[in-house]
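Novice: What follows is query24.pdb, made up of PDB, C-alpha atoms:
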```
MODEL        1
ATOM      1  CA  MET X  67      -8.943  14.902  -2.827  1.00  0.00           C
ATOM      2  CA  ASN X  68      -5.310  15.305  -3.863  1.00  0.00           C
ATOM      3  CA  ASP X  69      -3.800  13.215  -6.639  1.00  0.00           C
ATOM      4  CA  GLN X  70      -1.868  10.911  -4.310  1.00  0.00           C
ATOM      5  CA  THR X  71      -5.005  10.141  -2.305  1.00  0.00           C
ATOM      6  CA  LEU X  72      -6.676   8.996  -5.530  1.00  0.00           C
ATOM      7  CA  ILE X  73      -3.638   6.868  -6.347  1.00  0.00           C
ATOM      8  CA  TRP X  74      -3.608   5.184  -2.932  1.00  0.00           C
ATOM      9  CA  LYS X  75      -7.347   4.500  -3.141  1.00  0.00           C
ATOM     10  CA  ALA X  76      -6.923   3.020  -6.611  1.00  0.00           C
ATOM     11  CA  LEU X  77      -4.043   0.823  -5.452  1.00  0.00           C
ATOM     12  CA  ALA X  78      -6.027  -0.420  -2.450  1.00  0.00           C
ATOM     13  CA  ASP X  79      -8.074  -2.831  -4.556  1.00  0.00           C
ATOM     14  CA  PRO X  80      -6.458  -6.135  -5.610  1.00  0.00           C
ATOM     15  CA  THR X  81      -8.355  -6.268  -8.923  1.00  0.00           C
ATOM     16  CA  ARG X  82      -7.057  -2.813  -9.863  1.00  0.00           C
ATOM     17  CA  ARG X  83      -3.515  -3.840  -8.919  1.00  0.00           C
ATOM     18  CA  GLN X  84      -3.926  -6.913 -11.121  1.00  0.00           C
ATOM     19  CA  ILE X  85      -5.080  -4.687 -13.994  1.00  0.00           C
ATOM     20  CA  LEU X  86      -1.915  -2.606 -13.550  1.00  0.00           C
ATOM     21  CA  ASP X  87       0.182  -5.783 -13.527  1.00  0.00           C
ATOM     22  CA  ILE X  88      -1.415  -6.874 -16.801  1.00  0.00           C
ATOM     23  CA  LEU X  89      -0.879  -3.471 -18.413  1.00  0.00           C
ATOM     24  CA  ARG X  90       2.745  -3.426 -17.272  1.00  0.00           C
ATOM     25  CA  ASN X  91       3.513  -6.014 -19.961  1.00  0.00           C
ATOM     26  CA  LYS X  92       1.742  -4.230 -22.812  1.00  0.00           C
ATOM     27  CA  PRO X  93      -1.369  -2.154 -23.587  1.00  0.00           C
ATOM     28  CA  LYS X  94      -4.644  -4.074 -23.795  1.00  0.00           C
ATOM     29  CA  LYS X  95      -7.994  -3.597 -25.453  1.00  0.00           C
ATOM     30  CA  ALA X  96     -10.940  -3.290 -23.063  1.00  0.00           C
ATOM     31  CA  GLY X  97     -12.263  -6.685 -24.168  1.00  0.00           C
ATOM     32  CA  GLU X  98      -8.895  -8.353 -23.526  1.00  0.00           C
ATOM     33  CA  LEU X  99      -8.850  -6.988 -19.981  1.00  0.00           C
ATOM     34  CA  GLY X 100     -12.358  -8.285 -19.384  1.00  0.00           C
ATOM     35  CA  LYS X 101     -11.418 -11.820 -20.445  1.00  0.00           C
ATOM     36  CA  THR X 102      -8.688 -11.945 -17.800  1.00  0.00           C
ATOM     37  CA  PHE X 103     -11.134 -11.676 -14.901  1.00  0.00           C
ATOM     38  CA  SER X 104     -14.170 -13.623 -13.766  1.00  0.00           C
ATOM     39  CA  ILE X 105     -16.146 -10.430 -13.132  1.00  0.00           C
ATOM     40  CA  SER X 106     -18.528  -8.542 -15.402  1.00  0.00           C
ATOM     41  CA  ARG X 107     -17.484  -6.050 -18.081  1.00  0.00           C
ATOM     42  CA  GLU X 108     -19.252  -3.377 -16.036  1.00  0.00           C
ATOM     43  CA  ALA X 109     -17.084  -4.195 -13.017  1.00  0.00           C
ATOM     44  CA  ILE X 110     -13.936  -3.990 -15.155  1.00  0.00           C
ATOM     45  CA  ALA X 111     -15.141  -0.660 -16.549  1.00  0.00           C
ATOM     46  CA  LYS X 112     -15.671   0.623 -12.997  1.00  0.00           C
ATOM     47  CA  HIS X 113     -12.153  -0.427 -12.002  1.00  0.00           C
ATOM     48  CA  THR X 114     -10.595   1.163 -15.076  1.00  0.00           C
ATOM     49  CA  ARG X 115     -12.504   4.410 -14.396  1.00  0.00           C
ATOM     50  CA  VAL X 116     -10.996   4.533 -10.900  1.00  0.00           C
ATOM     51  CA  LEU X 117      -7.538   3.868 -12.343  1.00  0.00           C
ATOM     52  CA  LYS X 118      -8.065   6.566 -14.997  1.00  0.00           C
ATOM     53  CA  LYS X 119      -9.233   9.077 -12.377  1.00  0.00           C
ATOM     54  CA  ALA X 120      -6.016   8.383 -10.434  1.00  0.00           C
ATOM     55  CA  ASN X 121      -4.071   8.818 -13.712  1.00  0.00           C
ATOM     56  CA  LEU X 122      -2.641   5.294 -13.377  1.00  0.00           C
ATOM     57  CA  VAL X 123      -4.247   4.160 -16.624  1.00  0.00           C
ATOM     58  CA  LEU X 124      -4.585   6.056 -19.881  1.00  0.00           C
ATOM     59  CA  ASP X 125      -7.108   5.084 -22.524  1.00  0.00           C
ATOM     60  CA  LYS X 126      -7.002   5.739 -26.223  1.00  0.00           C
ATOM     61  CA  LYS X 127      -9.645   5.126 -28.860  1.00  0.00           C
ATOM     62  CA  LYS X 128      -8.365   3.344 -31.968  1.00  0.00           C
ATOM     63  CA  GLY X 129     -11.298   2.998 -34.326  1.00  0.00           C
ATOM     64  CA  ARG X 130     -14.003   1.164 -32.400  1.00  0.00           C
ATOM     65  CA  GLU X 131     -11.531  -0.251 -29.892  1.00  0.00           C
ATOM     66  CA  ASN X 132     -10.650   1.270 -26.556  1.00  0.00           C
ATOM     67  CA  TRP X 133      -7.030   0.587 -25.534  1.00  0.00           C
ATOM     68  CA  TYR X 134      -5.657   0.902 -21.991  1.00  0.00           C
ATOM     69  CA  TYR X 135      -2.069   1.842 -21.161  1.00  0.00           C
ATOM     70  CA  LEU X 136      -0.230   1.853 -17.851  1.00  0.00           C
ATOM     71  CA  ASN X 137       0.912   5.321 -16.774  1.00  0.00           C
ATOM     72  CA  VAL X 138       3.929   4.806 -14.500  1.00  0.00           C
ATOM     73  CA  ILE X 139       4.443   8.485 -13.626  1.00  0.00           C
ATOM     74  CA  PRO X 140       2.049   8.514 -10.615  1.00  0.00           C
ATOM     75  CA  LEU X 141       3.676   5.320  -9.323  1.00  0.00           C
ATOM     76  CA  GLU X 142       7.083   6.956  -9.587  1.00  0.00           C
ATOM     77  CA  GLU X 143       5.760   9.985  -7.699  1.00  0.00           C
ATOM     78  CA  ILE X 144       4.459   7.716  -4.921  1.00  0.00           C
ATOM     79  CA  TYR X 145       7.803   5.942  -4.846  1.00  0.00           C
ATOM     80  CA  ASP X 146       9.734   9.217  -4.716  1.00  0.00           C
ATOM     81  CA  ARG X 147       7.563  10.531  -1.891  1.00  0.00           C
ATOM     82  CA  TRP X 148       7.276   7.415   0.264  1.00  0.00           C
ATOM     83  CA  MET X 149      10.114   5.032  -0.530  1.00  0.00           C
ATOM     84  CA  ARG X 150      13.154   6.812  -1.902  1.00  0.00           C
ATOM     85  CA  PRO X 151      13.914   8.742   1.332  1.00  0.00           C
ATOM     86  CA  TYR X 152      14.197   5.460   3.222  1.00  0.00           C
ATOM     87  CA  GLU X 153      15.826   3.186   0.691  1.00  0.00           C
ATOM     88  CA  LYS X 154      19.424   4.212   1.316  1.00  0.00           C
ATOM     89  CA  ILE X 155      19.039   4.497   5.063  1.00  0.00           C
ATOM     90  CA  TRP X 156      17.207   1.267   5.786  1.00  0.00           C
ATOM     91  CA  SER X 157      16.796  -1.057   2.870  1.00  0.00           C
ATOM     92  CA  SER X 158      20.322  -1.085   1.553  1.00  0.00           C
ATOM     93  CA  SER X 159      21.731  -1.637   5.036  1.00  0.00           C
ATOM     94  CA  LEU X 160      19.363  -4.490   5.739  1.00  0.00           C
ATOM     95  CA  MET X 161      20.150  -6.060   2.393  1.00  0.00           C
ATOM     96  CA  LYS X 162      23.881  -5.797   3.202  1.00  0.00           C
ATOM     97  CA  LEU X 163      23.163  -7.541   6.501  1.00  0.00           C
ATOM     98  CA  LYS X 164      21.198 -10.282   4.753  1.00  0.00           C
ATOM     99  CA  LYS X 165      23.965 -10.792   2.189  1.00  0.00           C
ATOM    100  CA  GLN X 166      26.666 -10.858   4.841  1.00  0.00           C
ATOM    101  CA  ILE X 167      24.838 -13.381   6.991  1.00  0.00           C
ATOM    102  CA  GLU X 168      23.874 -15.653   4.138  1.00  0.00           C
ATOM    103  CA  GLN X 169      27.172 -15.522   2.249  1.00  0.00           C
ATOM    104  CA  SER X 170      29.858 -14.984   4.854  1.00  0.00           C
ATOM    105  CA  ASP X 171      31.218 -16.298   8.111  1.00  0.00           C
ATOM    106  CA  LYS X 172      32.902 -12.953   8.935  1.00  0.00           C
ATOM    107  CA  THR X 173      32.152 -11.474  12.388  1.00  0.00           C
ATOM    108  CA  MET X 174      30.809  -7.934  12.878  1.00  0.00           C
ATOM    109  CA  ASN X 175      30.881  -5.127  15.501  1.00  0.00           C
ATOM    110  CA  MET X 176      27.889  -2.861  16.279  1.00  0.00           C
ATOM    111  CA  ASN X 177      26.954   0.607  17.690  1.00  0.00           C
ATOM    112  CA  PHE X 178      23.726   1.249  19.661  1.00  0.00           C
ATOM    113  CA  ILE X 179      20.936   1.792  17.165  1.00  0.00           C
ATOM    114  CA  ASP X 180      17.194   1.661  17.758  1.00  0.00           C
ATOM    115  CA  ILE X 181      15.774  -0.099  14.699  1.00  0.00           C
ATOM    116  CA  GLU X 182      12.412  -1.551  13.830  1.00  0.00           C
ATOM    117  CA  GLN X 183      12.292  -3.154  10.407  1.00  0.00           C
ATOM    118  CA  LYS X 184      11.429  -6.592   9.072  1.00  0.00           C
ATOM    119  CA  ILE X 185      13.430  -8.737   6.682  1.00  0.00           C
ATOM    120  CA  TYR X 186      13.438 -12.498   6.201  1.00  0.00           C
ATOM    121  CA  ILE X 187      16.900 -14.080   6.176  1.00  0.00           C
ATOM    122  CA  GLU X 188      17.540 -17.723   5.422  1.00  0.00           C
ATOM    123  CA  ALA X 189      19.947 -18.571   8.258  1.00  0.00           C
ATOM    124  CA  THR X 190      19.951 -19.901  11.796  1.00  0.00           C
ATOM    125  CA  ARG X 191      19.008 -17.588  14.667  1.00  0.00           C
ATOM    126  CA  GLU X 192      22.537 -17.865  15.979  1.00  0.00           C
ATOM    127  CA  LYS X 193      24.073 -16.754  12.690  1.00  0.00           C
ATOM    128  CA  VAL X 194      21.677 -13.792  12.414  1.00  0.00           C
ATOM    129  CA  PHE X 195      22.300 -12.757  16.031  1.00  0.00           C
ATOM    130  CA  LYS X 196      26.066 -12.973  15.539  1.00  0.00           C
ATOM    131  CA  ALA X 197      25.838 -10.807  12.422  1.00  0.00           C
ATOM    132  CA  LEU X 198      23.677  -8.247  14.232  1.00  0.00           C
ATOM    133  CA  THR X 199      26.074  -8.000  17.148  1.00  0.00           C
ATOM    134  CA  THR X 200      29.477  -8.016  15.437  1.00  0.00           C
ATOM    135  CA  ASP X 201      31.071  -6.077  12.537  1.00  0.00           C
ATOM    136  CA  VAL X 202      28.124  -3.797  11.837  1.00  0.00           C
ATOM    137  CA  SER X 203      30.152  -1.567   9.532  1.00  0.00           C
ATOM    138  CA  ASN X 204      30.159  -4.305   6.873  1.00  0.00           C
ATOM    139  CA  TRP X 205      26.405  -4.090   6.369  1.00  0.00           C
ATOM    140  CA  TRP X 206      25.113  -0.905   8.021  1.00  0.00           C
ATOM    141  CA  GLY X 207      27.298   1.779   6.492  1.00  0.00           C
ATOM    142  CA  ARG X 208      27.280   5.515   7.229  1.00  0.00           C
ATOM    143  CA  PRO X 209      26.766   7.105   9.711  1.00  0.00           C
ATOM    144  CA  PHE X 210      26.965   4.022  11.877  1.00  0.00           C
ATOM    145  CA  ILE X 211      30.379   2.719  10.881  1.00  0.00           C
ATOM    146  CA  ILE X 212      32.422   1.908  13.939  1.00  0.00           C
ATOM    147  CA  ASN X 213      35.685   3.816  14.102  1.00  0.00           C
ATOM    148  CA  GLU X 214      37.933   5.484  16.671  1.00  0.00           C
ATOM    149  CA  LYS X 215      35.240   8.140  17.375  1.00  0.00           C
ATOM    150  CA  THR X 216      32.432   5.710  18.184  1.00  0.00           C
ATOM    151  CA  SER X 217      31.808   3.639  21.268  1.00  0.00           C
ATOM    152  CA  PRO X 218      31.316  -0.139  21.304  1.00  0.00           C
ATOM    153  CA  PRO X 219      27.786  -1.456  20.776  1.00  0.00           C
ATOM    154  CA  VAL X 220      25.331  -1.793  23.642  1.00  0.00           C
ATOM    155  CA  LEU X 221      22.587  -4.303  22.948  1.00  0.00           C
ATOM    156  CA  GLN X 222      19.207  -4.130  24.613  1.00  0.00           C
ATOM    157  CA  ALA X 223      16.769  -6.916  23.930  1.00  0.00           C
ATOM    158  CA  PRO X 224      13.123  -5.866  23.589  1.00  0.00           C
ATOM    159  CA  LYS X 225      10.563  -7.261  25.999  1.00  0.00           C
ATOM    160  CA  GLN X 226       9.482  -9.642  23.256  1.00  0.00           C
ATOM    161  CA  CYS X 227      12.315 -10.714  21.011  1.00  0.00           C
ATOM    162  CA  GLN X 228      10.957 -11.533  17.551  1.00  0.00           C
ATOM    163  CA  LEU X 229      14.383 -12.738  16.479  1.00  0.00           C
ATOM    164  CA  CYS X 230      14.200 -15.647  18.899  1.00  0.00           C
ATOM    165  CA  CYS X 231      10.475 -16.171  18.378  1.00  0.00           C
ATOM    166  CA  SER X 232      10.025 -17.071  22.042  1.00  0.00           C
ATOM    167  CA  GLY X 233      10.048 -13.681  23.793  1.00  0.00           C
TER     168      GLY X 233
ENDMDL
END
```
For the structure just supplied, provide its representation as C-alpha coordinates.
Specialist:
Amino acid sequence: MNDQTLIWKALADPTRRQILDILRNKPKKAGELGKTFSISREAIAKHTRVLKKANLVLDKKKGRENWYYLNVIPLEEIYDRWMRPYEKIWSSSLMKLKKQIEQSDKTMNMNFIDIEQKIYIEATREKVFKALTTDVSNWWGRPFIINEKTSPPVLQAPKQCQLCCSG
(Lines of atoms letter the chains of each structure in order from A and count residues from 1; the text may use other names and numbers.)
(Lines give C-alpha, C1' and ligand atoms only; values in the text may rest on other atoms or scores of the structure.)
Protein backbone atom coordinates (compact mmCIF):
# COMPACT_ATOMS: atom_id res chain seq x y z
CA MET A 1 0.00 0.00 0.00
CA ASN A 2 1.43 3.40 -0.92
CA ASP A 3 1.81 6.15 1.66
CA GLN A 4 -1.17 8.16 0.44
CA THR A 5 -3.44 5.12 0.65
CA LEU A 6 -2.47 4.76 4.31
CA ILE A 7 -3.18 8.45 4.86
CA TRP A 8 -6.63 8.27 3.27
CA LYS A 9 -7.50 5.16 5.29
CA ALA A 10 -6.35 6.88 8.48
CA LEU A 11 -8.39 9.99 7.68
CA ALA A 12 -11.50 7.92 6.95
CA ASP A 13 -12.26 7.40 10.64
CA PRO A 14 -13.89 10.27 12.58
CA THR A 15 -12.12 9.37 15.84
CA ARG A 16 -8.73 9.56 14.12
CA ARG A 17 -9.65 12.91 12.57
CA GLN A 18 -10.64 14.13 16.04
CA ILE A 19 -7.26 12.97 17.39
CA LEU A 20 -5.56 15.01 14.65
CA ASP A 21 -7.71 18.02 15.54
CA ILE A 22 -6.66 17.72 19.18
CA LEU A 23 -2.98 17.39 18.28
CA ARG A 24 -3.21 20.39 15.97
CA ASN A 25 -3.36 22.63 19.05
CA LYS A 26 -0.42 21.06 20.88
CA PRO A 27 1.25 17.69 21.55
CA LYS A 28 -0.49 15.44 24.07
CA LYS A 29 0.49 12.63 26.37
CA ALA A 30 -1.18 9.29 25.63
CA GLY A 31 -3.22 9.53 28.83
CA GLU A 32 -4.46 13.02 27.92
CA LEU A 33 -5.68 11.76 24.56
CA GLY A 34 -7.50 8.89 26.23
CA LYS A 35 -9.38 11.23 28.57
CA THR A 36 -10.81 13.13 25.61
CA PHE A 37 -12.77 10.14 24.31
CA SER A 38 -15.37 7.80 25.76
CA ILE A 39 -13.60 4.74 24.34
CA SER A 40 -11.03 2.45 25.92
CA ARG A 41 -7.29 3.15 26.11
CA GLU A 42 -6.79 0.13 23.85
CA ALA A 43 -9.06 1.68 21.21
CA ILE A 44 -7.14 4.97 21.41
CA ALA A 45 -3.87 3.03 21.09
CA LYS A 46 -5.23 1.27 17.99
CA HIS A 47 -6.21 4.60 16.42
CA THR A 48 -2.84 6.17 17.19
CA ARG A 49 -1.05 3.15 15.67
CA VAL A 50 -2.99 3.65 12.43
CA LEU A 51 -2.13 7.36 12.47
CA LYS A 52 1.54 6.56 13.15
CA LYS A 53 1.63 4.01 10.32
CA ALA A 54 0.27 6.72 7.99
CA ASN A 55 2.95 9.09 9.37
CA LEU A 56 0.24 11.55 10.49
CA VAL A 57 1.24 11.24 14.14
CA LEU A 58 4.71 11.04 15.62
CA ASP A 59 5.34 9.71 19.11
CA LYS A 60 8.20 10.44 21.42
CA LYS A 61 9.08 8.87 24.75
CA LYS A 62 9.87 11.38 27.50
CA GLY A 63 10.74 9.39 30.59
CA ARG A 64 7.77 7.13 31.27
CA GLU A 65 5.41 9.28 29.21
CA ASN A 66 4.55 8.77 25.58
CA TRP A 67 3.85 12.05 23.75
CA TYR A 68 2.01 12.36 20.43
CA TYR A 69 2.65 15.09 17.86
CA LEU A 70 0.79 15.98 14.69
CA ASN A 71 2.88 15.55 11.54
CA VAL A 72 1.43 17.94 8.95
CA ILE A 73 3.74 16.91 6.08
CA PRO A 74 1.53 14.03 4.81
CA LEU A 75 -1.51 16.32 4.96
CA GLU A 76 0.34 18.90 2.90
CA GLU A 77 1.26 16.20 0.38
CA ILE A 78 -2.40 15.16 0.11
CA TYR A 79 -3.36 18.80 -0.32
CA ASP A 80 -0.71 19.37 -2.98
CA ARG A 81 -1.79 16.28 -4.91
CA TRP A 82 -5.57 16.61 -4.66
CA MET A 83 -6.51 20.21 -3.91
CA ARG A 84 -3.89 22.66 -5.10
CA PRO A 85 -4.39 21.92 -8.84
CA TYR A 86 -8.05 22.88 -8.54
CA GLU A 87 -7.95 25.75 -6.09
CA LYS A 88 -7.11 28.51 -8.55
CA ILE A 89 -9.33 27.18 -11.30
CA TRP A 90 -12.48 26.48 -9.33
CA SER A 91 -12.44 27.60 -5.75
CA SER A 92 -11.17 31.12 -6.18
CA SER A 93 -13.62 31.78 -9.00
CA LEU A 94 -16.54 30.46 -7.00
CA MET A 95 -15.50 32.51 -4.00
CA LYS A 96 -15.34 35.61 -6.23
CA LEU A 97 -18.86 34.80 -7.41
CA LYS A 98 -20.08 34.39 -3.84
CA LYS A 99 -18.47 37.67 -2.78
CA GLN A 100 -19.87 39.53 -5.78
CA ILE A 101 -23.39 38.25 -5.24
CA GLU A 102 -23.42 38.84 -1.51
CA GLN A 103 -21.69 42.22 -1.52
CA SER A 104 -22.60 43.86 -4.80
CA ASP A 105 -25.50 44.80 -7.02
CA LYS A 106 -23.27 44.96 -10.13
CA THR A 107 -24.44 42.95 -13.18
CA MET A 108 -22.24 40.38 -14.94
CA ASN A 109 -21.77 38.85 -18.43
CA MET A 110 -20.93 35.16 -19.05
CA ASN A 111 -19.31 32.77 -21.61
CA PHE A 112 -20.50 29.16 -22.12
CA ILE A 113 -18.85 27.02 -19.46
CA ASP A 114 -19.81 23.53 -18.33
CA ILE A 115 -19.38 23.58 -14.55
CA GLU A 116 -20.37 21.24 -11.77
CA GLN A 117 -19.42 22.49 -8.33
CA LYS A 118 -21.29 23.22 -5.12
CA ILE A 119 -21.14 26.35 -2.99
CA TYR A 120 -23.69 27.78 -0.58
CA ILE A 121 -24.42 31.48 -1.08
CA GLU A 122 -26.63 33.52 1.22
CA ALA A 123 -28.77 35.33 -1.37
CA THR A 124 -32.04 34.98 -3.24
CA ARG A 125 -32.23 32.64 -6.23
CA GLU A 126 -32.82 35.63 -8.46
CA LYS A 127 -29.68 37.40 -7.27
CA VAL A 128 -27.57 34.26 -7.73
CA PHE A 129 -29.01 33.62 -11.20
CA LYS A 130 -28.37 37.22 -12.23
CA ALA A 131 -24.77 36.99 -11.04
CA LEU A 132 -24.26 33.71 -12.91
CA THR A 133 -25.62 35.11 -16.14
CA THR A 134 -24.10 38.61 -16.24
CA ASP A 135 -20.57 40.05 -15.81
CA VAL A 136 -18.78 36.74 -15.37
CA SER A 137 -15.35 38.34 -15.71
CA ASN A 138 -15.74 39.93 -12.26
CA TRP A 139 -15.73 36.56 -10.50
CA TRP A 140 -14.53 33.89 -12.95
CA GLY A 141 -11.24 35.29 -14.17
CA ARG A 142 -8.87 33.79 -16.75
CA PRO A 143 -9.32 32.19 -19.24
CA PHE A 144 -13.01 32.94 -19.22
CA ILE A 145 -12.93 36.73 -19.14
CA ILE A 146 -15.23 38.15 -21.76
CA ASN A 147 -13.46 40.41 -24.23
CA GLU A 148 -13.54 41.26 -27.94
CA LYS A 149 -12.32 37.72 -28.83
CA THR A 150 -15.05 35.84 -26.97
CA SER A 151 -18.67 35.28 -27.84
CA PRO A 152 -21.62 36.14 -25.60
CA PRO A 153 -22.74 33.53 -23.08
CA VAL A 154 -25.14 30.75 -24.01
CA LEU A 155 -26.96 29.30 -21.03
CA GLN A 156 -28.32 25.78 -20.99
CA ALA A 157 -30.32 24.71 -17.99
CA PRO A 158 -29.77 21.11 -16.85
CA LYS A 159 -32.70 18.72 -16.83
CA GLN A 160 -32.90 19.21 -13.08
CA CYS A 161 -31.92 22.68 -11.98
CA GLN A 162 -30.51 22.54 -8.44
CA LEU A 163 -30.30 26.32 -8.37
CA CYS A 164 -34.07 26.61 -8.48
CA CYS A 165 -34.62 23.54 -6.32
CA SER A 166 -37.70 22.59 -8.33
CA GLY A 167 -36.24 21.01 -11.48
Novice: Residues picked by the PyMOL selection byres ((chain X and resi 135) around 12) here, as a PyMOL selection string?
Specialist: chain X and resi 85-96+99+114+117-118+121-127+132-134+136-139
Novice: If you measure from atom CA of Ala78 of chain X to atom CA of Tyr186 of chain X, what distance in Å do you get, rounded to one decimal?
Specialist: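 Distance reported for this atom pair: 24.5 Å.
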Novice: Considering all atoms listed in the file, can you say which of X:Arg107, X:Arg82, X:Ile167, X:Lys119 comes closest to Arg191 of chain X?
Specialist: X:Ile167
Novice: Work out how far atom CA of Gln169 of chain X is from atom CA of Lys154 of chain X, in Å to one decimal.
Specialist: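 Here the two named atoms are 21.2 Å from each other.
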Novice: Quick one, how far is atom CA of Phe103 of chain X from atom CA of Leu141 of chain X?
Specialist: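 Pair atom CA of Phe103 of chain X / atom CA of Leu141 of chain X returns 23.2 Å.
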Novice: Kindly list the centre and edge lengths in Å, rounded to one decimal, for the axis-aligned box that covers all listed atoms of segment 117-131 of chain X plus 8 Å on each of its six sides, as JSON.
Specialist:
```
{"center_x": -8.3, "center_y": 4.4, "center_z": -22.4, "size_x": 27.4, "size_y": 25.3, "size_z": 39.9}
```
Novice: For this file, the PyMOL selection byres ((chain X and resi 74) around 12) selects which residues, as a short mmCIF file (atom, residue, chain, number, x, y, z; two decimals) with C-alpha atoms, in the coordinates of the input?
Specialist:
```cif
data_model
loop_
_atom_site.label_atom_id
_atom_site.label_comp_id
_atom_site.auth_asym_id
_atom_site.auth_seq_id
_atom_site.Cartn_x
_atom_site.Cartn_y
_atom_site.Cartn_z
CA MET X 67 -8.94 14.90 -2.83
CA ASN X 68 -5.31 15.30 -3.86
CA ASP X 69 -3.80 13.22 -6.64
CA GLN X 70 -1.87 10.91 -4.31
CA THR X 71 -5.00 10.14 -2.31
CA LEU X 72 -6.68 9.00 -5.53
CA ILE X 73 -3.64 6.87 -6.35
CA LYS X 75 -7.35 4.50 -3.14
CA ALA X 76 -6.92 3.02 -6.61
CA LEU X 77 -4.04 0.82 -5.45
CA ALA X 78 -6.03 -0.42 -2.45
CA ASP X 79 -8.07 -2.83 -4.56
CA PRO X 80 -6.46 -6.14 -5.61
CA ARG X 82 -7.06 -2.81 -9.86
CA ARG X 83 -3.52 -3.84 -8.92
CA VAL X 116 -11.00 4.53 -10.90
CA LEU X 117 -7.54 3.87 -12.34
CA LYS X 119 -9.23 9.08 -12.38
CA ALA X 120 -6.02 8.38 -10.43
CA ASN X 121 -4.07 8.82 -13.71
CA LEU X 122 -2.64 5.29 -13.38
CA PRO X 140 2.05 8.51 -10.62
CA LEU X 141 3.68 5.32 -9.32
CA GLU X 143 5.76 9.98 -7.70
CA ILE X 144 4.46 7.72 -4.92
CA TYR X 145 7.80 5.94 -4.85
CA TRP X 148 7.28 7.42 0.26
#
```
Novice: Check what the PyMOL selection byres ((chain X and resi 160) around 10) selects in the file above and give those residues as a list in words.
Specialist: Glu153, Lys154, Ile155, Trp156, Ser157, Ser158, Ser159, Met161, Lys162, Leu163, Lys164, Lys165, Gln166, Gln183, Lys184, Ile185, Tyr186, Ile187, Trp205 and Trp206 of chain X
Novice: When you get a chance, write out N, CA and C atoms for segment 90-105 of chain X, as a short mmCIF file (atom, residue, chain, number, x, y, z; two decimals), in the coordinates of the input.
Specialist:
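And here is the file that came out, out11.cif:
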```cif
data_model
loop_
_atom_site.label_atom_id
_atom_site.label_comp_id
_atom_site.auth_asym_id
_atom_site.auth_seq_id
_atom_site.Cartn_x
_atom_site.Cartn_y
_atom_site.Cartn_z
N ARG X 90 1.29 -3.63 -17.35
CA ARG X 90 2.74 -3.43 -17.27
C ARG X 90 3.43 -4.13 -18.44
N ASN X 91 2.90 -5.26 -18.86
CA ASN X 91 3.51 -6.01 -19.96
C ASN X 91 3.28 -5.37 -21.32
N LYS X 92 2.05 -4.92 -21.55
CA LYS X 92 1.74 -4.23 -22.81
C LYS X 92 0.32 -3.68 -22.73
N PRO X 93 0.00 -2.68 -23.56
CA PRO X 93 -1.37 -2.15 -23.59
C PRO X 93 -2.36 -3.25 -23.98
N LYS X 94 -3.59 -3.09 -23.51
CA LYS X 94 -4.64 -4.07 -23.80
C LYS X 94 -5.92 -3.36 -24.24
N LYS X 95 -6.66 -4.08 -25.10
CA LYS X 95 -7.99 -3.60 -25.45
C LYS X 95 -8.92 -3.88 -24.28
N ALA X 96 -9.99 -3.12 -24.16
CA ALA X 96 -10.94 -3.29 -23.06
C ALA X 96 -11.44 -4.73 -22.99
N GLY X 97 -11.77 -5.31 -24.14
CA GLY X 97 -12.26 -6.68 -24.17
C GLY X 97 -11.24 -7.69 -23.68
N GLU X 98 -9.96 -7.45 -23.99
CA GLU X 98 -8.90 -8.35 -23.53
C GLU X 98 -8.77 -8.31 -22.00
N LEU X 99 -8.90 -7.11 -21.45
CA LEU X 99 -8.85 -6.99 -19.98
C LEU X 99 -10.00 -7.75 -19.35
N GLY X 100 -11.17 -7.62 -19.93
CA GLY X 100 -12.36 -8.28 -19.38
C GLY X 100 -12.23 -9.80 -19.36
N LYS X 101 -11.57 -10.36 -20.37
CA LYS X 101 -11.42 -11.82 -20.44
C LYS X 101 -10.48 -12.37 -19.37
N THR X 102 -9.66 -11.52 -18.82
CA THR X 102 -8.69 -11.94 -17.80
C THR X 102 -9.35 -12.22 -16.45
N PHE X 103 -10.49 -11.61 -16.21
CA PHE X 103 -11.13 -11.68 -14.90
C PHE X 103 -12.46 -12.43 -14.98
N SER X 104 -12.89 -12.92 -13.83
CA SER X 104 -14.17 -13.62 -13.77
C SER X 104 -15.26 -12.70 -13.23
N ILE X 105 -15.12 -11.41 -13.54
CA ILE X 105 -16.15 -10.43 -13.13
C ILE X 105 -16.72 -9.81 -14.39
#
```
